Amino acid sequence: MARYVLKPAVVQNAIEKLIQSSVHRMFPGYLCLKQQAEIHNRDSDLPFPYTEFFNQYFRVPGGQKPYLVPFTPTENPSDENLWVNNNVAGTYAPSSLRVDSPFTKVVKVEESGHDSRWRLQPSHWKLARHHLCNGETLPAESLAAFLFRDYAFEAEEASAYTLIQTFEEEFGYKVSGPQFATLYHTGDTNINADSFERYD
């Protein structure tokens, strides 16, 4: 089986698609806790390693700031407001969150402090669509292309399905399941075998 990586132009197109979608800038925090729920097989008493999460999925070398977050509430996003500085805790620490934040409508703090514990609200995927996605679904292939832009995929022949399958495994989704169907849609790109190059 060969290893493949996405071509840079494909990743750039995915980023542009995400910028055009109606996704709240705090959606990455929800995705982090969704991943923790999959890792720990529960929806409560969850750690929230947001710095590690951002380092893995959102750090882009050579940018204005270390993290590129291709979600913005503004109608005309600039390059500058797509970047986030090192102080992720300034966004996600319990002491930093406003009571009326859309994020706190989807997740709750169970224990505050340095080692805070969190829980996902019942039917959190429905709440996430309403409060973090403006009632719309996210382009799943574009999101996966951005998150896994530095991944080397092992496949007979890489495709958009390769991205979706990896996304499922990383975050505990099933394409046929209600959580995925409520929050995401596929077919948002033209990614195919030609969108990848061999990684040796």
# chains A, B, ... in the order shown; residues from 1 in each chain; ligands from 1
$ residues_around --residues "Val88 (chain A)" --least-positions-apart "3" --cutoff "9 Å" --atoms "only C-alpha atoms" --output "list in words"
Tyr50, Thr51, Phe54, Val84, Asn85, Thr91, Tyr92 and Ala93 of chain A
$ write_last_selection --atoms "N, CA and C atoms" --output "mmCIF file, in the first residue's frame"
data_model
loop_
_atom_site.group_PDB
_atom_site.id
_atom_site.type_symbol
_atom_site.label_atom_id
_atom_site.label_comp_id
_atom_site.auth_asym_id
_atom_site.auth_seq_id
_atom_site.Cartn_x
_atom_site.Cartn_y
_atom_site.Cartn_z
ATOM 1 N N TYR A 50 -6.754 21.769 24.917
ATOM 2 C CA TYR A 50 -6.918 22.625 23.753
ATOM 3 C C TYR A 50 -5.588 23.068 23.143
ATOM 4 N N THR A 51 -4.572 23.283 23.962
ATOM 5 C CA THR A 51 -3.291 23.703 23.394
ATOM 6 C C THR A 51 -2.692 22.598 22.526
ATOM 7 N N PHE A 54 -4.700 22.357 19.273
ATOM 8 C CA PHE A 54 -4.357 23.411 18.320
ATOM 9 C C PHE A 54 -2.980 23.166 17.707
ATOM 10 N N VAL A 84 -4.617 33.075 15.031
ATOM 11 C CA VAL A 84 -4.796 33.113 16.482
ATOM 12 C C VAL A 84 -3.431 32.990 17.134
ATOM 13 N N ASN A 85 -3.211 33.757 18.200
ATOM 14 C CA ASN A 85 -1.902 33.726 18.850
ATOM 15 C C ASN A 85 -1.772 32.534 19.798
ATOM 16 N N THR A 91 -8.954 31.980 25.276
ATOM 17 C CA THR A 91 -10.247 31.739 24.635
ATOM 18 C C THR A 91 -11.051 30.663 25.357
ATOM 19 N N TYR A 92 -10.369 29.575 25.771
ATOM 20 C CA TYR A 92 -11.089 28.398 26.242
ATOM 21 C C TYR A 92 -11.026 28.138 27.744
ATOM 22 N N ALA A 93 -10.183 28.837 28.473
ATOM 23 C CA ALA A 93 -10.145 28.618 29.925
ATOM 24 C C ALA A 93 -11.500 28.989 30.524
#
$ select_by_dssp --residues "region 92-163 of chain A" --states "alpha helix (DSSP H)" --output "ChimeraX atom specification"
/A:92,124-132,140-147,160-163
$ residues_around --residues "Arg25 (chain A)" --least-positions-apart "5" --cutoff "9 Å" --atoms "only C-alpha atoms" --output "list in words"
Val69, Pro70, Phe71, Thr72, Pro73 and Leu132 of chain A
$ residues_around --residues "Asn134 (chain A)" --least-positions-apart "2" --cutoff "12 Å" --atoms "only C-alpha atoms" --output "list in words"
Ser21, Ser22, Val23, His24, Arg25, Phe27, Thr72, Pro73, Pro102, Lys126, Leu127, Ala128, Arg129, His130, His131, Leu132, Glu136, Thr137, Leu138 and Leu183 of chain A
$ closest_atom_pairs --of "region 133-160 of chain A" --to "region 189-193 of chain A" --cutoff "10 Å" --atoms "only C-alpha atoms" --output "JSON lines"
{"residue": "A:Pro139", "atom": "CA", "partner": "A:Thr189", "partner_atom": "CA", "distance": 8.4}
{"residue": "A:Ala140", "atom": "CA", "partner": "A:Thr189", "partner_atom": "CA", "distance": 9.1}
{"residue": "A:Glu141", "atom": "CA", "partner": "A:Thr189", "partner_atom": "CA", "distance": 6.5}
{"residue": "A:Ser142", "atom": "CA", "partner": "A:Thr189", "partner_atom": "CA", "distance": 6.8}
{"residue": "A:Ala145", "atom": "CA", "partner": "A:Ile191", "partner_atom": "CA", "distance": 9.3}
{"residue": "A:Glu157", "atom": "CA", "partner": "A:Ala193", "partner_atom": "CA", "distance": 6.3}
{"residue": "A:Ala158", "atom": "CA", "partner": "A:Ala193", "partner_atom": "CA", "distance": 5.3}
{"residue": "A:Ser159", "atom": "CA", "partner": "A:Asn192", "partner_atom": "CA", "distance": 4.5}
{"residue": "A:Ala160", "atom": "CA", "partner": "A:Ile191", "partner_atom": "CA", "distance": 5.3}
$ closest_residue --among "A:Leu68, A:Val60, A:Val175, A:Leu143" --to "Val10 (chain A)" --atoms "only C-alpha atoms"
A:Leu143
$ select_by_dssp --residues "region 5-200 of chain A" --states "strand (DSSP E or B)" --output "PyMOL selection string"
chain A and resi 5-6+46+59+67-68+83-84+107-111+117-120+138-139+153-155+184-185+196-198
$ write_last_selection --atoms "N, CA, C and O atoms" --output "JSON list (two decimals), in the first residue's frame"
[["chain", "number", "residue", "atom", "x", "y", "z"],
["A", 5, "VAL", "N", -0.01, 12.25, 0.21],
["A", 5, "VAL", "CA", -0.31, 13.51, 0.89],
["A", 5, "VAL", "C", -1.10, 14.39, -0.07],
["A", 5, "VAL", "O", -1.01, 14.25, -1.29],
["A", 6, "LEU", "N", -1.89, 15.30, 0.50],
["A", 6, "LEU", "CA", -2.65, 16.22, -0.33],
["A", 6, "LEU", "C", -1.75, 17.25, -0.99],
["A", 6, "LEU", "O", -0.77, 17.71, -0.39],
["A", 46, "LEU", "N", -14.49, 15.02, 31.01],
["A", 46, "LEU", "CA", -13.53, 15.04, 29.90],
["A", 46, "LEU", "C", -12.42, 16.05, 30.16],
["A", 46, "LEU", "O", -12.69, 17.19, 30.57],
["A", 59, "ARG", "N", -1.77, 24.58, 13.89],
["A", 59, "ARG", "CA", -0.49, 25.29, 13.77],
["A", 59, "ARG", "C", -0.01, 25.24, 12.32],
["A", 59, "ARG", "O", 0.06, 24.17, 11.72],
["A", 67, "TYR", "N", -1.40, 29.89, 14.80],
["A", 67, "TYR", "CA", -2.56, 29.07, 14.47],
["A", 67, "TYR", "C", -3.44, 29.72, 13.40],
["A", 67, "TYR", "O", -3.84, 30.88, 13.53],
["A", 68, "LEU", "N", -3.77, 28.95, 12.40],
["A", 68, "LEU", "CA", -4.72, 29.38, 11.38],
["A", 68, "LEU", "C", -6.07, 28.74, 11.68],
["A", 68, "LEU", "O", -6.19, 27.51, 11.71],
["A", 83, "TRP", "N", -5.94, 34.36, 11.95],
["A", 83, "TRP", "CA", -4.83, 33.83, 12.74],
["A", 83, "TRP", "C", -5.07, 34.05, 14.22],
["A", 83, "TRP", "O", -5.64, 35.05, 14.64],
["A", 84, "VAL", "N", -4.62, 33.07, 15.03],
["A", 84, "VAL", "CA", -4.80, 33.11, 16.48],
["A", 84, "VAL", "C", -3.43, 32.99, 17.13],
["A", 84, "VAL", "O", -2.60, 32.19, 16.69],
["A", 107, "VAL", "N", -21.30, 22.83, 25.44],
["A", 107, "VAL", "CA", -20.49, 22.10, 26.43],
["A", 107, "VAL", "C", -20.58, 22.82, 27.76],
["A", 107, "VAL", "O", -20.92, 24.00, 27.82],
["A", 108, "LYS", "N", -20.29, 22.10, 28.84],
["A", 108, "LYS", "CA", -20.33, 22.69, 30.18],
["A", 108, "LYS", "C", -19.08, 22.32, 30.95],
["A", 108, "LYS", "O", -18.53, 21.24, 30.80],
["A", 109, "VAL", "N", -18.67, 23.23, 31.82],
["A", 109, "VAL", "CA", -17.55, 22.96, 32.72],
["A", 109, "VAL", "C", -18.08, 22.22, 33.94],
["A", 109, "VAL", "O", -19.04, 22.66, 34.58],
["A", 110, "GLU", "N", -17.49, 21.08, 34.25],
["A", 110, "GLU", "CA", -17.87, 20.34, 35.45],
["A", 110, "GLU", "C", -16.97, 20.71, 36.63],
["A", 110, "GLU", "O", -17.43, 20.81, 37.76],
["A", 111, "GLU", "N", -15.68, 20.89, 36.35],
["A", 111, "GLU", "CA", -14.73, 21.32, 37.36],
["A", 111, "GLU", "C", -13.82, 22.34, 36.72],
["A", 111, "GLU", "O", -13.22, 22.07, 35.68],
["A", 117, "ARG", "N", -12.48, 19.90, 34.05],
["A", 117, "ARG", "CA", -13.18, 18.76, 33.44],
["A", 117, "ARG", "C", -14.45, 19.29, 32.80],
["A", 117, "ARG", "O", -15.11, 20.20, 33.32],
["A", 118, "TRP", "N", -14.81, 18.68, 31.67],
["A", 118, "TRP", "CA", -15.90, 19.19, 30.86],
["A", 118, "TRP", "C", -16.86, 18.07, 30.49],
["A", 118, "TRP", "O", -16.52, 16.89, 30.59],
["A", 119, "ARG", "N", -18.04, 18.47, 30.02],
["A", 119, "ARG", "CA", -18.98, 17.48, 29.48],
["A", 119, "ARG", "C", -19.67, 18.06, 28.26],
["A", 119, "ARG", "O", -19.87, 19.27, 28.14],
["A", 120, "LEU", "N", -20.03, 17.16, 27.37],
["A", 120, "LEU", "CA", -20.84, 17.53, 26.22],
["A", 120, "LEU", "C", -22.30, 17.49, 26.62],
["A", 120, "LEU", "O", -22.74, 16.55, 27.29],
["A", 138, "LEU", "N", -21.47, 21.64, 7.93],
["A", 138, "LEU", "CA", -20.10, 21.97, 7.53],
["A", 138, "LEU", "C", -19.67, 21.11, 6.35],
["A", 138, "LEU", "O", -20.06, 19.95, 6.26],
["A", 139, "PRO", "N", -18.82, 21.65, 5.49],
["A", 139, "PRO", "CA", -18.27, 20.86, 4.39],
["A", 139, "PRO", "C", -17.21, 19.89, 4.91],
["A", 139, "PRO", "O", -16.08, 20.28, 5.20],
["A", 153, "PHE", "N", -1.39, 9.47, 4.07],
["A", 153, "PHE", "CA", -2.44, 8.45, 4.11],
["A", 153, "PHE", "C", -1.97, 7.18, 3.42],
["A", 153, "PHE", "O", -1.43, 7.23, 2.31],
["A", 154, "GLU", "N", -2.20, 6.06, 4.08],
["A", 154, "GLU", "CA", -1.90, 4.77, 3.46],
["A", 154, "GLU", "C", -3.15, 4.27, 2.75],
["A", 154, "GLU", "O", -4.21, 4.14, 3.36],
["A", 155, "ALA", "N", -3.04, 4.06, 1.46],
["A", 155, "ALA", "CA", -4.21, 3.63, 0.68],
["A", 155, "ALA", "C", -3.76, 3.01, -0.63],
["A", 155, "ALA", "O", -2.66, 3.28, -1.12],
["A", 184, "TYR", "N", -22.56, 17.69, 9.28],
["A", 184, "TYR", "CA", -21.68, 17.74, 8.11],
["A", 184, "TYR", "C", -22.39, 17.31, 6.83],
["A", 184, "TYR", "O", -23.39, 16.61, 6.87],
["A", 185, "HIS", "N", -21.82, 17.72, 5.72],
["A", 185, "HIS", "CA", -22.24, 17.18, 4.42],
["A", 185, "HIS", "C", -20.98, 16.85, 3.61],
["A", 185, "HIS", "O", -19.93, 17.45, 3.80],
["A", 196, "PHE", "N", -3.84, 14.05, -4.75],
["A", 196, "PHE", "CA", -2.79, 13.58, -3.86],
["A", 196, "PHE", "C", -1.50, 13.35, -4.65],
["A", 196, "PHE", "O", -1.52, 13.18, -5.86],
["A", 197, "GLU", "N", -0.39, 13.34, -3.92],
["A", 197, "GLU", "CA", 0.88, 12.94, -4.50],
["A", 197, "GLU", "C", 1.54, 11.92, -3.59],
["A", 197, "GLU", "O", 1.29, 11.89, -2.38],
["A", 198, "ARG", "N", 2.38, 11.08, -4.18],
["A", 198, "ARG", "CA", 3.05, 10.03, -3.42],
["A", 198, "ARG", "C", 3.98, 10.64, -2.39],
["A", 198, "ARG", "O", 4.65, 11.64, -2.63]]
$ atom_distance --atom1 "CA of Pro122 (chain A)" --atom2 "CA of Thr166 (chain A)"
25.2 Å
$ closest_residue --among "A:Gln64, A:Asn41, A:Gln12, A:Thr104" --to "Gly29 (chain A)" --atoms "only C-alpha atoms"
A:Thr104
$ atom_distance --atom1 "CA of Glu156 (chain A)" --atom2 "CA of Tyr199 (chain A)"
13.0 Å
$ atom_distance --atom1 "CA of Asn86 (chain A)" --atom2 "CA of His114 (chain A)"
17.1 Å
$ decode --residues "region 19-160 of chain A" --atoms "C-alpha atoms" --output "PDB file, in the first residue's frame"
ATOM      1  CA  ILE A  19     -13.763  30.561   5.346  1.00  0.00           C
ATOM      2  CA  GLN A  20     -16.966  30.923   3.330  1.00  0.00           C
ATOM      3  CA  SER A  21     -18.960  28.656   5.659  1.00  0.00           C
ATOM      4  CA  SER A  22     -20.898  29.848   8.696  1.00  0.00           C
ATOM      5  CA  VAL A  23     -18.753  28.342  11.441  1.00  0.00           C
ATOM      6  CA  HIS A  24     -18.072  29.976  14.803  1.00  0.00           C
ATOM      7  CA  ARG A  25     -14.429  30.474  15.731  1.00  0.00           C
ATOM      8  CA  MET A  26     -14.927  28.329  18.845  1.00  0.00           C
ATOM      9  CA  PHE A  27     -15.947  25.260  16.863  1.00  0.00           C
ATOM     10  CA  PRO A  28     -12.399  23.829  17.235  1.00  0.00           C
ATOM     11  CA  GLY A  29     -12.960  23.639  20.983  1.00  0.00           C
ATOM     12  CA  TYR A  30     -16.074  21.563  20.459  1.00  0.00           C
ATOM     13  CA  LEU A  31     -14.215  19.304  18.038  1.00  0.00           C
ATOM     14  CA  CYS A  32     -11.479  18.819  20.631  1.00  0.00           C
ATOM     15  CA  LEU A  33     -13.990  17.715  23.269  1.00  0.00           C
ATOM     16  CA  LYS A  34     -15.730  15.465  20.732  1.00  0.00           C
ATOM     17  CA  GLN A  35     -12.385  13.777  20.153  1.00  0.00           C
ATOM     18  CA  GLN A  36     -11.856  13.402  23.902  1.00  0.00           C
ATOM     19  CA  ALA A  37     -15.304  11.811  24.202  1.00  0.00           C
ATOM     20  CA  GLU A  38     -14.249   9.238  21.594  1.00  0.00           C
ATOM     21  CA  ILE A  39     -10.896   8.586  23.306  1.00  0.00           C
ATOM     22  CA  HIS A  40     -12.437   8.136  26.761  1.00  0.00           C
ATOM     23  CA  ASN A  41     -15.730   6.583  25.589  1.00  0.00           C
ATOM     24  CA  ARG A  42     -17.866   9.005  27.598  1.00  0.00           C
ATOM     25  CA  ASP A  43     -19.437  12.457  27.261  1.00  0.00           C
ATOM     26  CA  SER A  44     -18.627  13.722  30.766  1.00  0.00           C
ATOM     27  CA  ASP A  45     -15.561  14.141  32.981  1.00  0.00           C
ATOM     28  CA  LEU A  46     -13.532  15.035  29.903  1.00  0.00           C
ATOM     29  CA  PRO A  47     -10.111  16.698  29.871  1.00  0.00           C
ATOM     30  CA  PHE A  48      -9.764  19.633  27.512  1.00  0.00           C
ATOM     31  CA  PRO A  49      -6.230  19.664  26.018  1.00  0.00           C
ATOM     32  CA  TYR A  50      -6.918  22.625  23.753  1.00  0.00           C
ATOM     33  CA  THR A  51      -3.291  23.703  23.394  1.00  0.00           C
ATOM     34  CA  GLU A  52      -2.200  20.233  22.253  1.00  0.00           C
ATOM     35  CA  PHE A  53      -5.200  20.084  19.933  1.00  0.00           C
ATOM     36  CA  PHE A  54      -4.357  23.411  18.320  1.00  0.00           C
ATOM     37  CA  ASN A  55      -0.729  22.403  17.977  1.00  0.00           C
ATOM     38  CA  GLN A  56      -1.735  19.245  16.145  1.00  0.00           C
ATOM     39  CA  TYR A  57      -4.426  20.565  13.824  1.00  0.00           C
ATOM     40  CA  PHE A  58      -4.176  24.359  13.536  1.00  0.00           C
ATOM     41  CA  ARG A  59      -0.494  25.287  13.769  1.00  0.00           C
ATOM     42  CA  VAL A  60       0.807  26.530  10.425  1.00  0.00           C
ATOM     43  CA  PRO A  61       4.510  27.414  10.179  1.00  0.00           C
ATOM     44  CA  GLY A  62       5.386  30.758   8.673  1.00  0.00           C
ATOM     45  CA  GLY A  63       2.087  32.479   9.427  1.00  0.00           C
ATOM     46  CA  GLN A  64       1.438  35.800  11.123  1.00  0.00           C
ATOM     47  CA  LYS A  65       0.631  33.898  14.322  1.00  0.00           C
ATOM     48  CA  PRO A  66       1.032  30.202  15.039  1.00  0.00           C
ATOM     49  CA  TYR A  67      -2.560  29.067  14.475  1.00  0.00           C
ATOM     50  CA  LEU A  68      -4.722  29.384  11.380  1.00  0.00           C
ATOM     51  CA  VAL A  69      -8.436  29.074  12.215  1.00  0.00           C
ATOM     52  CA  PRO A  70     -10.379  29.246   8.930  1.00  0.00           C
ATOM     53  CA  PHE A  71     -13.650  30.119  10.659  1.00  0.00           C
ATOM     54  CA  THR A  72     -14.667  33.715  11.145  1.00  0.00           C
ATOM     55  CA  PRO A  73     -17.858  35.582  12.086  1.00  0.00           C
ATOM     56  CA  THR A  74     -17.052  38.498   9.786  1.00  0.00           C
ATOM     57  CA  GLU A  75     -18.540  38.856   6.332  1.00  0.00           C
ATOM     58  CA  ASN A  76     -15.252  39.999   4.788  1.00  0.00           C
ATOM     59  CA  PRO A  77     -12.496  38.084   6.552  1.00  0.00           C
ATOM     60  CA  SER A  78      -8.965  39.381   6.266  1.00  0.00           C
ATOM     61  CA  ASP A  79      -5.833  37.295   6.482  1.00  0.00           C
ATOM     62  CA  GLU A  80      -5.097  38.853   9.854  1.00  0.00           C
ATOM     63  CA  ASN A  81      -8.309  37.828  11.614  1.00  0.00           C
ATOM     64  CA  LEU A  82      -7.913  34.201  10.528  1.00  0.00           C
ATOM     65  CA  TRP A  83      -4.830  33.827  12.736  1.00  0.00           C
ATOM     66  CA  VAL A  84      -4.796  33.113  16.482  1.00  0.00           C
ATOM     67  CA  ASN A  85      -1.902  33.726  18.850  1.00  0.00           C
ATOM     68  CA  ASN A  86      -0.356  31.326  21.363  1.00  0.00           C
ATOM     69  CA  ASN A  87      -2.769  32.202  24.154  1.00  0.00           C
ATOM     70  CA  VAL A  88      -5.428  29.582  23.413  1.00  0.00           C
ATOM     71  CA  ALA A  89      -6.253  29.525  27.130  1.00  0.00           C
ATOM     72  CA  GLY A  90      -7.398  33.106  26.754  1.00  0.00           C
ATOM     73  CA  THR A  91     -10.247  31.739  24.635  1.00  0.00           C
ATOM     74  CA  TYR A  92     -11.089  28.398  26.242  1.00  0.00           C
ATOM     75  CA  ALA A  93     -10.145  28.618  29.925  1.00  0.00           C
ATOM     76  CA  PRO A  94     -13.310  28.506  32.089  1.00  0.00           C
ATOM     77  CA  SER A  95     -12.437  31.891  33.584  1.00  0.00           C
ATOM     78  CA  SER A  96     -12.340  33.405  30.083  1.00  0.00           C
ATOM     79  CA  LEU A  97     -15.695  32.144  28.844  1.00  0.00           C
ATOM     80  CA  ARG A  98     -18.714  34.412  28.891  1.00  0.00           C
ATOM     81  CA  VAL A  99     -21.961  32.998  30.236  1.00  0.00           C
ATOM     82  CA  ASP A 100     -23.723  33.805  26.957  1.00  0.00           C
ATOM     83  CA  SER A 101     -21.014  32.314  24.739  1.00  0.00           C
ATOM     84  CA  PRO A 102     -22.366  29.981  22.020  1.00  0.00           C
ATOM     85  CA  PHE A 103     -19.687  27.505  23.101  1.00  0.00           C
ATOM     86  CA  THR A 104     -21.162  27.167  26.596  1.00  0.00           C
ATOM     87  CA  LYS A 105     -24.531  26.292  25.073  1.00  0.00           C
ATOM     88  CA  VAL A 106     -22.942  23.113  23.694  1.00  0.00           C
ATOM     89  CA  VAL A 107     -20.490  22.097  26.425  1.00  0.00           C
ATOM     90  CA  LYS A 108     -20.333  22.692  30.175  1.00  0.00           C
ATOM     91  CA  VAL A 109     -17.550  22.963  32.721  1.00  0.00           C
ATOM     92  CA  GLU A 110     -17.868  20.335  35.452  1.00  0.00           C
ATOM     93  CA  GLU A 111     -14.731  21.320  37.362  1.00  0.00           C
ATOM     94  CA  SER A 112     -12.832  24.535  36.785  1.00  0.00           C
ATOM     95  CA  GLY A 113      -9.199  25.208  37.519  1.00  0.00           C
ATOM     96  CA  HIS A 114      -5.948  24.161  35.884  1.00  0.00           C
ATOM     97  CA  ASP A 115      -7.127  20.573  35.291  1.00  0.00           C
ATOM     98  CA  SER A 116     -10.686  21.474  34.387  1.00  0.00           C
ATOM     99  CA  ARG A 117     -13.179  18.763  33.443  1.00  0.00           C
ATOM    100  CA  TRP A 118     -15.896  19.188  30.860  1.00  0.00           C
ATOM    101  CA  ARG A 119     -18.977  17.484  29.482  1.00  0.00           C
ATOM    102  CA  LEU A 120     -20.836  17.534  26.215  1.00  0.00           C
ATOM    103  CA  GLN A 121     -24.464  18.516  26.542  1.00  0.00           C
ATOM    104  CA  PRO A 122     -27.160  15.953  25.617  1.00  0.00           C
ATOM    105  CA  SER A 123     -27.709  16.036  21.822  1.00  0.00           C
ATOM    106  CA  HIS A 124     -24.585  18.203  21.590  1.00  0.00           C
ATOM    107  CA  TRP A 125     -24.394  17.719  17.810  1.00  0.00           C
ATOM    108  CA  LYS A 126     -27.770  19.416  17.389  1.00  0.00           C
ATOM    109  CA  LEU A 127     -26.716  22.215  19.729  1.00  0.00           C
ATOM    110  CA  ALA A 128     -23.419  22.591  17.865  1.00  0.00           C
ATOM    111  CA  ARG A 129     -25.231  23.004  14.551  1.00  0.00           C
ATOM    112  CA  HIS A 130     -27.540  25.637  16.023  1.00  0.00           C
ATOM    113  CA  HIS A 131     -25.064  27.621  18.132  1.00  0.00           C
ATOM    114  CA  LEU A 132     -21.732  27.093  16.358  1.00  0.00           C
ATOM    115  CA  CYS A 133     -22.706  26.531  12.715  1.00  0.00           C
ATOM    116  CA  ASN A 134     -25.529  29.028  12.203  1.00  0.00           C
ATOM    117  CA  GLY A 135     -27.959  26.166  11.632  1.00  0.00           C
ATOM    118  CA  GLU A 136     -26.002  24.890   8.638  1.00  0.00           C
ATOM    119  CA  THR A 137     -23.879  21.822   7.939  1.00  0.00           C
ATOM    120  CA  LEU A 138     -20.102  21.966   7.532  1.00  0.00           C
ATOM    121  CA  PRO A 139     -18.266  20.862   4.386  1.00  0.00           C
ATOM    122  CA  ALA A 140     -16.729  17.646   5.714  1.00  0.00           C
ATOM    123  CA  GLU A 141     -14.234  17.001   2.934  1.00  0.00           C
ATOM    124  CA  SER A 142     -12.868  20.532   3.148  1.00  0.00           C
ATOM    125  CA  LEU A 143     -12.624  20.343   6.927  1.00  0.00           C
ATOM    126  CA  ALA A 144     -10.806  17.014   6.767  1.00  0.00           C
ATOM    127  CA  ALA A 145      -8.465  18.287   4.040  1.00  0.00           C
ATOM    128  CA  PHE A 146      -7.465  21.203   6.259  1.00  0.00           C
ATOM    129  CA  LEU A 147      -7.107  19.213   9.481  1.00  0.00           C
ATOM    130  CA  PHE A 148      -5.104  16.439   7.799  1.00  0.00           C
ATOM    131  CA  ARG A 149      -3.110  18.633   5.416  1.00  0.00           C
ATOM    132  CA  ASP A 150       0.162  17.247   6.824  1.00  0.00           C
ATOM    133  CA  TYR A 151      -0.939  13.603   7.067  1.00  0.00           C
ATOM    134  CA  ALA A 152       0.433  10.792   4.951  1.00  0.00           C
ATOM    135  CA  PHE A 153      -2.445   8.454   4.107  1.00  0.00           C
ATOM    136  CA  GLU A 154      -1.897   4.767   3.462  1.00  0.00           C
ATOM    137  CA  ALA A 155      -4.213   3.629   0.676  1.00  0.00           C
ATOM    138  CA  GLU A 156      -4.376   1.656  -2.530  1.00  0.00           C
ATOM    139  CA  GLU A 157      -5.645   4.863  -4.128  1.00  0.00           C
ATOM    140  CA  ALA A 158      -6.380   7.991  -2.099  1.00  0.00           C
ATOM    141  CA  SER A 159      -9.683   9.833  -2.558  1.00  0.00           C
ATOM    142  CA  ALA A 160     -12.137  12.093  -0.756  1.00  0.00           C
TER     143      ALA A 160
END
